[in-house]
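Okay, model29.cif now, which holds mmCIF, C-alpha atoms:
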data_query
#
loop_
_atom_site.label_atom_id
_atom_site.label_comp_id
_atom_site.auth_asym_id
_atom_site.auth_seq_id
_atom_site.Cartn_x
_atom_site.Cartn_y
_atom_site.Cartn_z
CA MET V 1 12.41 -9.07 -13.51
CA PRO V 2 13.65 -5.63 -12.41
CA THR V 3 17.27 -5.10 -11.49
CA CYS V 4 18.13 -4.40 -7.87
CA ALA V 5 18.48 -0.69 -8.66
CA THR V 6 15.12 -0.68 -10.38
CA GLU V 7 13.51 -2.37 -7.39
CA VAL V 8 14.77 0.39 -5.12
CA LEU V 9 13.24 2.97 -7.45
CA LEU V 10 9.93 1.15 -7.75
CA ALA V 11 9.86 0.57 -4.03
CA ALA V 12 9.68 4.30 -3.39
CA LEU V 13 6.25 4.79 -4.88
CA SER V 14 3.28 4.71 -2.47
CA VAL V 15 0.28 6.58 -1.15
CA SER V 16 -2.31 7.08 1.51
CA PHE V 17 -5.89 8.31 1.47
CA ALA V 18 -7.82 10.16 4.13
CA CYS V 19 -11.60 10.23 4.03
CA ALA V 20 -13.73 12.92 5.57
CA CYS V 21 -14.51 10.86 8.65
CA GLY V 22 -10.84 10.31 9.47
CA GLY V 23 -7.69 9.49 7.54
CA HIS V 24 -6.40 6.10 6.64
CA VAL V 25 -3.63 4.72 4.54
CA ALA V 26 -4.52 2.95 1.37
CA ASP V 27 -0.92 2.00 0.83
CA GLY V 28 2.76 3.14 1.05
CA ARG V 29 6.31 2.29 0.01
CA ASP V 30 9.50 2.27 2.03
CA LEU V 31 12.51 3.65 0.18
CA LEU V 32 14.84 1.69 2.42
CA HIS V 33 13.17 -1.67 2.04
CA GLY V 34 11.24 -1.39 -1.24
CA THR V 35 7.53 -1.02 -0.73
CA GLY V 36 4.18 -0.97 -2.47
CA GLY V 37 1.67 1.43 -3.83
CA VAL V 38 -2.05 1.38 -3.33
CA ALA V 39 -3.16 -2.14 -3.85
CA GLY V 40 -6.00 -3.82 -5.63
CA SER V 41 -7.01 -6.91 -7.57
CA ALA V 42 -7.20 -7.80 -11.20
CA GLY V 43 -10.13 -8.84 -13.32
CA GLY V 44 -8.37 -10.17 -16.40
CA ALA V 45 -7.98 -13.85 -17.02
CA GLY V 46 -4.85 -15.89 -17.24
CA GLY V 47 -1.55 -16.07 -15.45
CA SER V 48 0.05 -19.10 -13.93
CA ALA V 49 -0.05 -19.35 -10.17
CA GLY V 50 3.63 -20.32 -10.44
CA ALA V 51 5.77 -18.10 -8.26
CA VAL V 52 2.82 -16.31 -6.72
CA VAL V 53 1.17 -19.22 -4.96
CA GLY V 54 3.97 -21.53 -3.87
CA GLY V 55 5.14 -21.85 -0.30
CA ALA V 56 5.24 -24.61 2.18
CA GLY V 57 4.64 -24.97 5.87
CA GLY V 58 1.74 -24.58 8.22
CA GLY V 59 -0.61 -21.63 8.42
CA ALA V 60 -2.18 -19.98 11.41
CA GLY V 61 -3.76 -23.10 12.80
CA ALA V 62 -1.87 -26.25 13.64
CA GLY V 63 -3.97 -29.29 12.92
CA ALA V 64 -7.55 -30.37 13.38
CA GLY V 65 -9.59 -28.40 15.83
CA ALA V 66 -7.12 -25.49 16.10
CA GLY V 67 -8.90 -22.47 17.47
CA GLY V 68 -11.61 -24.52 19.11
CA CYS V 69 -13.67 -25.74 16.14
CA ALA V 70 -14.15 -29.33 15.01
CA ALA V 71 -12.32 -28.84 11.72
CA ASP V 72 -8.99 -29.58 10.13
CA THR V 73 -7.71 -26.03 9.93
CA GLN V 74 -4.84 -27.17 7.73
CA ALA V 75 -7.17 -28.29 4.91
CA ASP V 76 -10.77 -27.15 5.52
CA PRO V 77 -11.50 -24.18 3.18
CA LYS V 78 -14.23 -22.98 5.55
CA ASN V 79 -11.80 -22.92 8.49
CA CYS V 80 -8.47 -22.40 6.84
CA GLY V 81 -5.69 -21.64 9.29
CA PHE V 82 -8.14 -20.71 12.00
CA CYS V 83 -11.82 -21.25 12.74
CA GLY V 84 -14.16 -19.29 10.52
CA HIS V 85 -11.54 -18.26 7.97
CA ASP V 86 -13.49 -19.02 4.79
CA CYS V 87 -11.43 -19.10 1.61
CA SER V 88 -14.57 -18.64 -0.51
CA ALA V 89 -15.28 -15.27 1.15
CA CYS V 90 -12.93 -13.89 -1.50
CA ALA V 91 -14.66 -14.69 -4.79
CA GLY V 92 -13.04 -17.62 -6.55
CA GLY V 93 -11.25 -18.95 -3.48
CA SER V 94 -12.07 -22.60 -2.84
CA THR V 95 -9.12 -24.58 -1.51
CA CYS V 96 -6.93 -24.63 1.58
CA HIS V 97 -3.48 -26.19 1.95
CA ASP V 98 -1.14 -26.10 4.93
CA GLY V 99 -3.50 -23.77 6.75
CA ARG V 100 -3.55 -21.10 4.05
CA CYS V 101 -6.11 -20.31 1.38
CA ASP V 102 -4.74 -20.88 -2.09
CA PRO V 103 -4.46 -17.53 -3.90
CA VAL V 104 -6.46 -16.91 -7.07
CA VAL V 105 -4.35 -15.45 -9.89
CA LEU V 106 -6.37 -12.91 -11.83
CA ALA V 107 -4.02 -11.45 -14.44
CA THR V 108 -0.36 -11.11 -15.33
CA GLU V 109 1.26 -7.89 -16.48
CA ALA V 110 5.03 -7.74 -16.86
CA GLY V 111 6.41 -4.74 -15.01
CA LEU V 112 3.31 -4.17 -12.90
CA PHE V 113 4.14 -3.01 -9.40
CA SER V 114 1.60 -0.46 -8.09
CA ILE V 115 -2.11 -1.29 -7.85
CA ALA V 116 -5.33 0.24 -6.52
CA VAL V 117 -8.87 -1.07 -6.35
CA ASP V 118 -12.43 0.22 -6.20
CA ALA V 119 -15.79 -1.53 -6.41
CA THR V 120 -15.55 -2.21 -10.13
CA ALA V 121 -11.92 -2.55 -11.15
CA VAL V 122 -8.28 -2.85 -10.27
CA TYR V 123 -5.96 -0.13 -11.54
CA GLY V 124 -2.30 -0.85 -12.14
CA ALA V 125 0.84 1.11 -12.96
CA VAL V 126 3.32 -0.52 -15.30
CA GLY V 127 6.25 1.70 -14.43
CA VAL V 128 8.86 1.11 -17.11
CA ALA V 129 6.22 0.99 -19.87
CA GLY V 130 4.69 4.23 -18.59
CA THR V 131 1.11 2.95 -18.67
CA VAL V 132 -1.78 2.99 -16.22
CA MET V 133 -4.13 0.04 -16.68
CA LYS V 134 -7.66 -0.95 -15.66
CA TYR V 135 -8.59 -4.57 -14.89
CA PRO V 136 -12.37 -4.98 -14.55
CA LEU V 137 -13.35 -7.05 -11.52
CA ALA V 138 -16.16 -8.63 -13.51
CA GLY V 139 -13.65 -9.96 -16.02
CA GLY V 140 -12.72 -8.98 -19.52
CA PRO V 141 -9.60 -7.61 -21.17
CA PRO V 142 -7.50 -4.96 -19.44
CA VAL V 143 -7.81 -1.38 -20.69
CA ALA V 144 -5.00 1.16 -20.99
CA LEU V 145 -6.22 4.35 -19.29
CA ALA V 146 -3.08 6.42 -19.73
CA THR V 147 0.09 5.97 -21.77
CA GLY V 148 3.30 7.95 -22.08
CA GLN V 149 3.61 8.46 -18.33
CA SER V 150 7.00 8.70 -16.64
CA HIS V 151 7.38 5.72 -14.30
CA PRO V 152 3.88 6.07 -12.81
CA GLY V 153 3.29 4.65 -9.35
CA GLY V 154 1.69 5.26 -6.00
CA LEU V 155 -1.82 4.69 -7.36
CA ILE V 156 -4.78 5.58 -5.17
CA VAL V 157 -8.51 5.75 -5.69
CA ALA V 158 -10.00 8.72 -3.86
CA GLY V 159 -13.54 9.88 -4.47
CA SER V 160 -14.27 9.75 -8.18
CA TYR V 161 -10.64 9.92 -9.33
CA LEU V 162 -7.58 7.76 -9.73
CA TYR V 163 -4.39 9.55 -8.62
CA TRP V 164 -0.73 8.72 -9.21
CA ALA V 165 2.78 10.16 -9.15
CA ASN V 166 5.03 10.37 -12.20
CA GLY V 167 8.80 10.54 -12.10
CA GLU V 168 11.99 8.69 -11.33
CA VAL V 169 15.08 9.42 -9.28
CA GLY V 170 16.89 12.50 -10.53
CA THR V 171 14.09 13.75 -12.78
CA LYS V 172 11.22 16.17 -12.57
CA GLY V 173 7.88 14.48 -12.07
CA SER V 174 4.21 15.30 -11.67
CA ILE V 175 1.01 14.51 -9.81
CA ALA V 176 -1.77 13.32 -12.12
CA ARG V 177 -5.35 12.16 -11.85
CA LEU V 178 -7.99 10.65 -14.11
CA PRO V 179 -11.79 10.59 -13.65
CA LEU V 180 -12.96 7.04 -12.96
CA ALA V 181 -16.05 7.59 -15.09
CA GLY V 182 -13.91 8.63 -18.05
CA GLY V 183 -12.50 11.94 -19.17
CA PRO V 184 -9.20 13.70 -19.83
CA LEU V 185 -6.11 13.22 -17.70
CA GLU V 186 -5.35 16.16 -15.41
CA THR V 187 -1.89 17.22 -14.27
CA LEU V 188 -2.30 18.79 -10.84
CA ALA V 189 1.36 19.57 -10.22
CA ALA V 190 4.14 19.59 -12.82
CA ALA V 191 7.93 19.94 -12.57
CA GLN V 192 8.10 18.39 -9.11
CA ASP V 193 11.27 16.90 -7.68
CA ASP V 194 10.79 13.14 -7.81
CA PRO V 195 7.39 12.88 -6.05
CA ARG V 196 6.84 9.49 -4.46
CA ARG V 197 4.00 9.16 -1.97
CA LEU V 198 0.57 10.73 -1.90
CA ALA V 199 -2.20 11.41 0.56
CA VAL V 200 -5.55 12.87 -0.46
CA ASP V 201 -8.31 14.61 1.48
CA ALA V 202 -11.42 16.43 0.28
CA THR V 203 -9.53 19.45 -1.08
CA THR V 204 -5.85 18.66 -1.46
CA VAL V 205 -3.18 16.19 -2.56
CA TYR V 206 -0.17 16.00 -0.24
CA PHE V 207 3.06 14.40 -1.44
CA THR V 208 6.59 13.63 -0.35
CA ALA V 209 9.87 13.59 -2.26
CA ALA V 210 12.32 11.61 -0.15
CA ASN V 211 15.33 12.26 -2.38
CA THR V 212 14.97 16.03 -2.04
CA GLY V 213 13.51 16.13 1.49
CA LYS V 214 10.33 17.95 0.45
CA VAL V 215 6.73 17.70 1.64
CA SER V 216 4.29 19.62 -0.59
CA LYS V 217 0.62 20.01 -1.39
CA VAL V 218 -1.52 21.07 -4.34
CA PRO V 219 -5.27 21.91 -4.44
CA LEU V 220 -7.54 19.40 -6.16
CA GLY V 221 -9.27 22.24 -7.96
CA GLY V 222 -6.05 23.51 -9.48
CA GLY V 223 -3.43 26.00 -8.41
CA SER V 224 0.24 26.17 -7.65
CA PRO V 225 1.93 23.58 -5.44
CA VAL V 226 2.90 24.77 -1.96
CA LEU V 227 6.08 23.63 -0.23
CA LEU V 228 5.24 22.64 3.36
CA SER V 229 8.52 21.31 4.74
CA THR V 230 12.10 20.62 3.74
CA GLY V 231 14.80 18.44 5.21
CA GLY V 232 15.25 14.84 6.17
CA THR V 233 13.92 11.92 4.16
CA PRO V 234 10.11 12.15 4.14
CA GLN V 235 8.59 8.85 3.09
CA GLY V 236 5.12 7.55 3.98
CA ILE V 237 2.46 10.24 4.39
CA ALA V 238 -1.08 10.29 5.77
CA VAL V 239 -3.67 12.95 6.58
CA ASP V 240 -6.72 13.29 8.79
CA ALA V 241 -9.16 16.14 9.29
CA SER V 242 -6.67 18.38 11.05
CA ARG V 243 -3.09 17.21 10.59
CA ILE V 244 -0.56 15.79 8.13
CA TYR V 245 1.76 12.99 9.25
CA TRP V 246 4.86 11.63 7.61
CA ALA V 247 7.70 9.25 8.42
CA ASP V 248 11.22 10.69 8.18
CA GLY V 249 13.36 7.64 7.53
CA ALA V 250 16.71 9.39 7.96
CA ALA V 251 15.79 11.00 11.29
CA ASN V 252 13.82 7.98 12.58
CA THR V 253 10.96 10.34 13.34
CA VAL V 254 7.23 10.60 12.69
CA ARG V 255 6.51 14.26 11.99
CA VAL V 256 3.25 16.19 12.09
CA MET V 257 1.93 19.61 11.08
CA PRO V 258 -1.51 21.25 10.84
CA VAL V 259 -3.38 20.79 7.56
CA GLY V 260 -3.81 24.56 7.32
CA GLY V 261 -0.09 25.17 7.73
CA GLY V 262 2.11 25.97 10.69
CA ALA V 263 5.03 24.54 12.58
CA VAL V 264 6.33 21.02 12.02
CA SER V 265 6.78 18.99 15.20
CA ASP V 266 7.94 15.51 16.12
CA LEU V 267 5.13 13.17 17.15
CA VAL V 268 7.51 10.25 17.73
CA THR V 269 11.30 10.20 17.88
CA GLY V 270 13.45 7.10 17.59
CA ALA V 271 10.82 5.71 15.22
CA ASP V 272 11.94 2.92 12.93
CA ALA V 273 9.44 3.71 10.18
CA GLY V 274 9.00 4.14 6.46
CA TRP V 275 5.22 3.69 6.58
CA VAL V 276 2.57 5.75 8.35
CA ALA V 277 -1.22 5.50 8.66
CA VAL V 278 -3.84 7.21 10.80
CA ASP V 279 -7.36 6.57 12.02
CA GLU V 280 -9.63 8.38 14.47
CA LYS V 281 -7.56 7.42 17.53
CA ARG V 282 -4.03 6.43 16.62
CA VAL V 283 -1.13 7.00 14.27
CA TYR V 284 0.48 3.76 13.08
CA PHE V 285 4.03 3.49 11.84
CA MET V 286 6.02 0.53 10.59
CA GLY V 287 9.57 -0.49 9.88
CA SER V 288 10.93 -3.62 11.50
CA ALA V 289 7.89 -3.59 13.84
CA LEU V 290 4.34 -2.23 13.75
CA ARG V 291 3.82 0.42 16.40
CA ALA V 292 1.18 3.03 17.25
CA VAL V 293 0.83 6.21 19.25
CA PRO V 294 -2.32 8.15 20.22
CA ILE V 295 -3.03 11.05 17.89
CA GLY V 296 -2.30 13.56 20.63
CA GLY V 297 1.00 11.87 21.41
CA ALA V 298 1.85 9.62 24.36
CA ALA V 299 3.59 6.33 25.03
CA VAL V 300 4.33 4.25 21.94
CA GLU V 301 2.68 0.84 21.78
CA THR V 302 4.25 -2.08 19.93
CA ILE V 303 1.48 -3.97 18.14
CA ALA V 304 3.70 -6.57 16.47
CA ALA V 305 7.41 -6.82 17.20
CA GLY V 306 8.46 -8.69 14.05
CA PRO V 307 11.18 -8.37 12.93
CA TYR V 308 9.64 -7.39 9.59
CA VAL V 309 11.06 -6.16 6.32
CA PRO V 310 7.93 -4.55 4.83
CA ILE V 311 7.92 -3.86 1.12
CA ALA V 312 4.16 -3.39 0.83
CA PHE V 313 1.62 -2.06 3.31
CA THR V 314 -2.06 -1.28 3.65
CA LYS V 315 -4.55 -0.89 6.47
CA ASP V 316 -8.26 -1.40 7.02
CA ALA V 317 -10.36 -0.77 10.12
CA THR V 318 -9.07 -3.79 12.03
CA SER V 319 -5.70 -4.88 10.63
CA VAL V 320 -2.55 -3.97 8.78
CA TYR V 321 -1.52 -6.13 5.82
CA THR V 322 2.10 -6.21 4.76
CA GLY V 323 4.32 -7.95 2.24
CA HIS V 324 7.84 -8.78 3.37
CA SER V 325 11.16 -9.08 1.59
CA ASP V 326 12.33 -11.94 3.75
CA SER V 327 13.54 -15.40 2.79
CA SER V 328 9.96 -16.62 2.31
CA GLY V 329 8.30 -13.54 0.82
CA THR V 330 5.33 -13.60 3.18
CA ILE V 331 2.13 -11.55 3.21
CA VAL V 332 1.04 -11.06 6.82
CA LYS V 333 -2.16 -9.82 8.44
CA ILE V 334 -1.48 -7.97 11.72
CA PRO V 335 -4.59 -7.31 13.84
CA LEU V 336 -4.58 -3.85 15.43
CA ASP V 337 -5.85 -5.25 18.71
CA GLY V 338 -2.49 -6.91 19.30
CA SER V 339 -3.61 -10.49 18.68
CA ALA V 340 -1.28 -12.84 16.84
CA PRO V 341 -0.28 -11.99 13.25
CA VAL V 342 -1.40 -14.45 10.56
CA THR V 343 0.62 -15.40 7.49
CA LEU V 344 -1.88 -15.38 4.63
CA VAL V 345 0.49 -16.11 1.74
CA GLN V 346 3.99 -17.52 1.51
CA LEU V 347 5.50 -16.81 -1.88
CA THR V 348 8.05 -19.03 -3.57
CA ASP V 349 11.16 -17.25 -4.86
CA ASN V 350 9.14 -14.05 -5.07
CA LYS V 351 7.87 -11.07 -3.11
CA ALA V 352 4.91 -8.70 -3.34
CA TYR V 353 5.50 -5.26 -4.78
CA ASP V 354 2.14 -4.11 -3.49
CA VAL V 355 -0.86 -5.13 -1.39
CA ALA V 356 -4.35 -3.75 -0.82
CA VAL V 357 -7.67 -4.86 0.56
CA ASP V 358 -11.38 -4.58 0.04
CA GLU V 359 -14.10 -5.96 2.29
CA THR V 360 -13.20 -9.61 1.71
CA CYS V 361 -9.90 -9.96 -0.14
CA VAL V 362 -6.24 -9.10 0.02
CA TYR V 363 -4.81 -8.33 -3.41
CA TYR V 364 -1.14 -8.33 -4.31
CA VAL V 365 1.21 -8.27 -7.28
CA GLY V 366 4.26 -10.51 -7.55
CA ALA V 367 7.52 -8.69 -8.13
CA LYS V 368 9.03 -11.56 -10.09
CA ASP V 369 6.30 -12.16 -12.62
CA GLY V 370 3.78 -9.31 -12.42
CA ALA V 371 1.03 -11.76 -11.47
CA LEU V 372 -1.94 -10.16 -9.72
CA ALA V 373 -3.59 -12.42 -7.20
CA LYS V 374 -6.11 -12.32 -4.37
CA VAL V 375 -6.73 -14.30 -1.22
CA ALA V 376 -9.33 -14.22 1.55
CA LYS V 377 -8.60 -11.80 4.37
#

Write the structure described by the file as structure tokens, please.
Amino acid sequence: MPTCATEVLLAALSVSFACACGGHVADGRDLLHGTGGVAGSAGGAGGSAGAVVGGAGGGAGAGAGAGGCAADTQADPKNCGFCGHDCSACAGGSTCHDGRCDPVVLATEAGLFSIAVDATAVYGAVGVAGTVMKYPLAGGPPVALATGQSHPGGLIVAGSYLYWANGEVGTKGSIARLPLAGGPLETLAAAQDDPRRLAVDATTVYFTAANTGKVSKVPLGGGSPVLLSTGGTPQGIAVDASRIYWADGAANTVRVMPVGGGAVSDLVTGADAGWVAVDEKRVYFMGSALRAVPIGGAAVETIAAGPYVPIAFTKDATSVYTGHSDSSGTIVKIPLDGSAPVTLVQLTDNKAYDVAVDETCVYYVGAKDGALAKVAK
């Protein structure tokens, strides 16, 4: 199990991904709280549910018929926690206890903390060992894709590549990528000051270095890195078709600048945030609460007041999913429409280093034991 100091280091690694139709965060990490990278699942066998599953207490629904259906939402796997929440929608899920689907443990990898997923595999960074792993979703043994890396983290799948950041506090790091179909590792940017979080669009990787206050970018096709901004503590970063957004934890500000360069401005001030995400309409930011603001700037909306202590974060089209370093180590689904948050997992003596989602599952990795697990969304 990592030391407290190591957890702070690992917590700094995270990323976001913006697609051509509008940016979105695949994941992020909060330096202040300890947060996750891009999340995924694992295809390897084994691993005890042990500390990952655990947890007691009721789920989203309280007793038979909760939510208006004639079912025991505390035990019915087809209506677990609330009506229509089918545990089997996430392959392998079959049982429901206390209103929560029982997680399915897929693999265990000591030291694993940053994960990403695509349609065929889960990719994981084992930071201290310096390896980047592949866990086929169809099953089979894990495969080492890259070795000899320097505390890799912040994994993200974007297009046909897997991206990550190398480096640790006080050292020079790099931005690397590997073709998903196989091929040599590429170093896009070397000798960078402790890069932590990434965002990717069709032409560029953007990255922050909170310890040195830098926001930079490097072309996907090769070229020299470009320094975009200095100052503050830039943490989570996201990008859409026209602008770059990042959370400045020290200044409690969400900052923005044009993708093509230009002046940096404050989109939100007084923002308690280490995470940031964007879609076609709103910019989302999270610290002790999940909040949002229209892309053009306006009144801030509180989506979920918390209080939260997010250590892992990801977003899909309808919800944000977060792991919390609280007394119960919960993984929570927060609908973007403002409806009630749902606790999907309650860990026992554990917390999630990272979370991510696909169409049907939430994947996470346990900080205590490196167990990768999944549960129905």

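In terms of minimum interatomic distance to Ala89 (chain V), V:Glu359 ranks closest within V:Gly232, V:Glu359, V:Val105, V:Leu372, counting only C-alpha atoms.
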
For this session: Considering all atoms listed in the file, state which residue in the set V:Thr230, V:Ser150, V:Thr322, V:Ser216 is at the smallest distance from Tyr363 (chain V).
Result: V:Thr322

Exercise. Using only C-alpha atoms, which residue out of V:Ala110, V:Ala144, V:Leu198, V:Ile295 lies closest to Asp279 (chain V)?
Worked result: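 Nearest to Asp279 (chain V): V:Ile295.
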
Exercise. Contacts of region 226-229 of chain V at 6 Å or less, counting only C-alpha atoms, minus same-chain residues fewer than 6 places along, as an MDAnalysis selection string?
Worked result: chainID V and resid 214:217

Residues as selected, C-alpha atoms, written as a tab-separated table (two decimals), keeping the file's coordinate frame, can you do that?
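Generated output (part.tsv):
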chain	number	residue	atom	x	y	z
V	214	LYS	CA	10.33	17.95	0.45
V	215	VAL	CA	6.73	17.70	1.64
V	216	SER	CA	4.29	19.62	-0.59
V	217	LYS	CA	0.62	20.01	-1.39

For this session: Between V:Phe313, V:Met257, V:Thr108, V:Ala199, single out the one closest to Ser242 (chain V), counting all atoms listed in the file.
Result: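 Among the listed residues, V:Met257 lies closest to Ser242 (chain V).
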
For this session: Expand the PyMOL selection byres ((chain V and resi 136) around 10) into the individual residues it matches in the shown file, reporting them as a PyMOL selection string.
Result: chain V and resi 41-44+117-123+133-135+137-143

For this session: Using the chain letters and numbering of this document, enumerate as number ranges by chain the residues selected by the PyMOL selection byres ((chain V and resi 192) around 6).
Result: V: 172-174, 190-191, 193

Go ahead and fit an axis-aligned box to every listed atom of region 305-314 of chain V plus 3 Å each side, and pass me the centre and edge lengths in Å, one decimal, as AutoDock Vina command-line options.
--center_x 4.6 --center_y -5.0 --center_z 9.0 --size_x 19.2 --size_y 13.4 --size_z 22.4

For this session: Mind checking which residues fall within 6 Å of region 243-245 of chain V, counting all atoms listed in the file, ignoring those fewer than 5 positions away in the same chain, and posting them as a count of residues only?
Result: 7

Exercise. What do you get, as a list in words, if you spell out every residue that the PyMOL selection byres ((chain V and resi 288) around 7) selects here?
Worked result: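 Against this file, the PyMOL selection byres ((chain V and resi 288) around 7) returns the residues Asp272, Met286, Gly287, Ala289, Gly306, Pro307, Tyr308 and Val309 of chain V.
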
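Minimum atom-to-atom distances from V:Ala129, V:Gln346, V:Arg282, V:Val205 to His97 (chain V) were compared using all atoms listed in the file, and the lowest value belongs to V:Gln346.
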
Exercise. Hey, which of V:Gly223, V:Pro195, V:Pro335, V:Gly148 ends up closest to Ala317 (chain V)? Count all atoms listed in the file.
Worked result: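 For Ala317 (chain V), the nearest of the given residues is V:Pro335.
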
Exercise. If you measure from CA of Pro234 (chain V) to CA of Trp246 (chain V), what distance in Å do you get, rounded to one decimal?
Worked result: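 Taking CA of Pro234 (chain V) as the start and CA of Trp246 (chain V) as the end point, the length is 6.3 Å.
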
Exercise. CA of Tyr321 (chain V) and CA of Leu347 (chain V), how far apart in Å?
Worked result: 14.9 Å

Problem set entry | Separation of CA of Pro310 (chain V) from CA of Ala250 (chain V) in Å | 16.8 Å
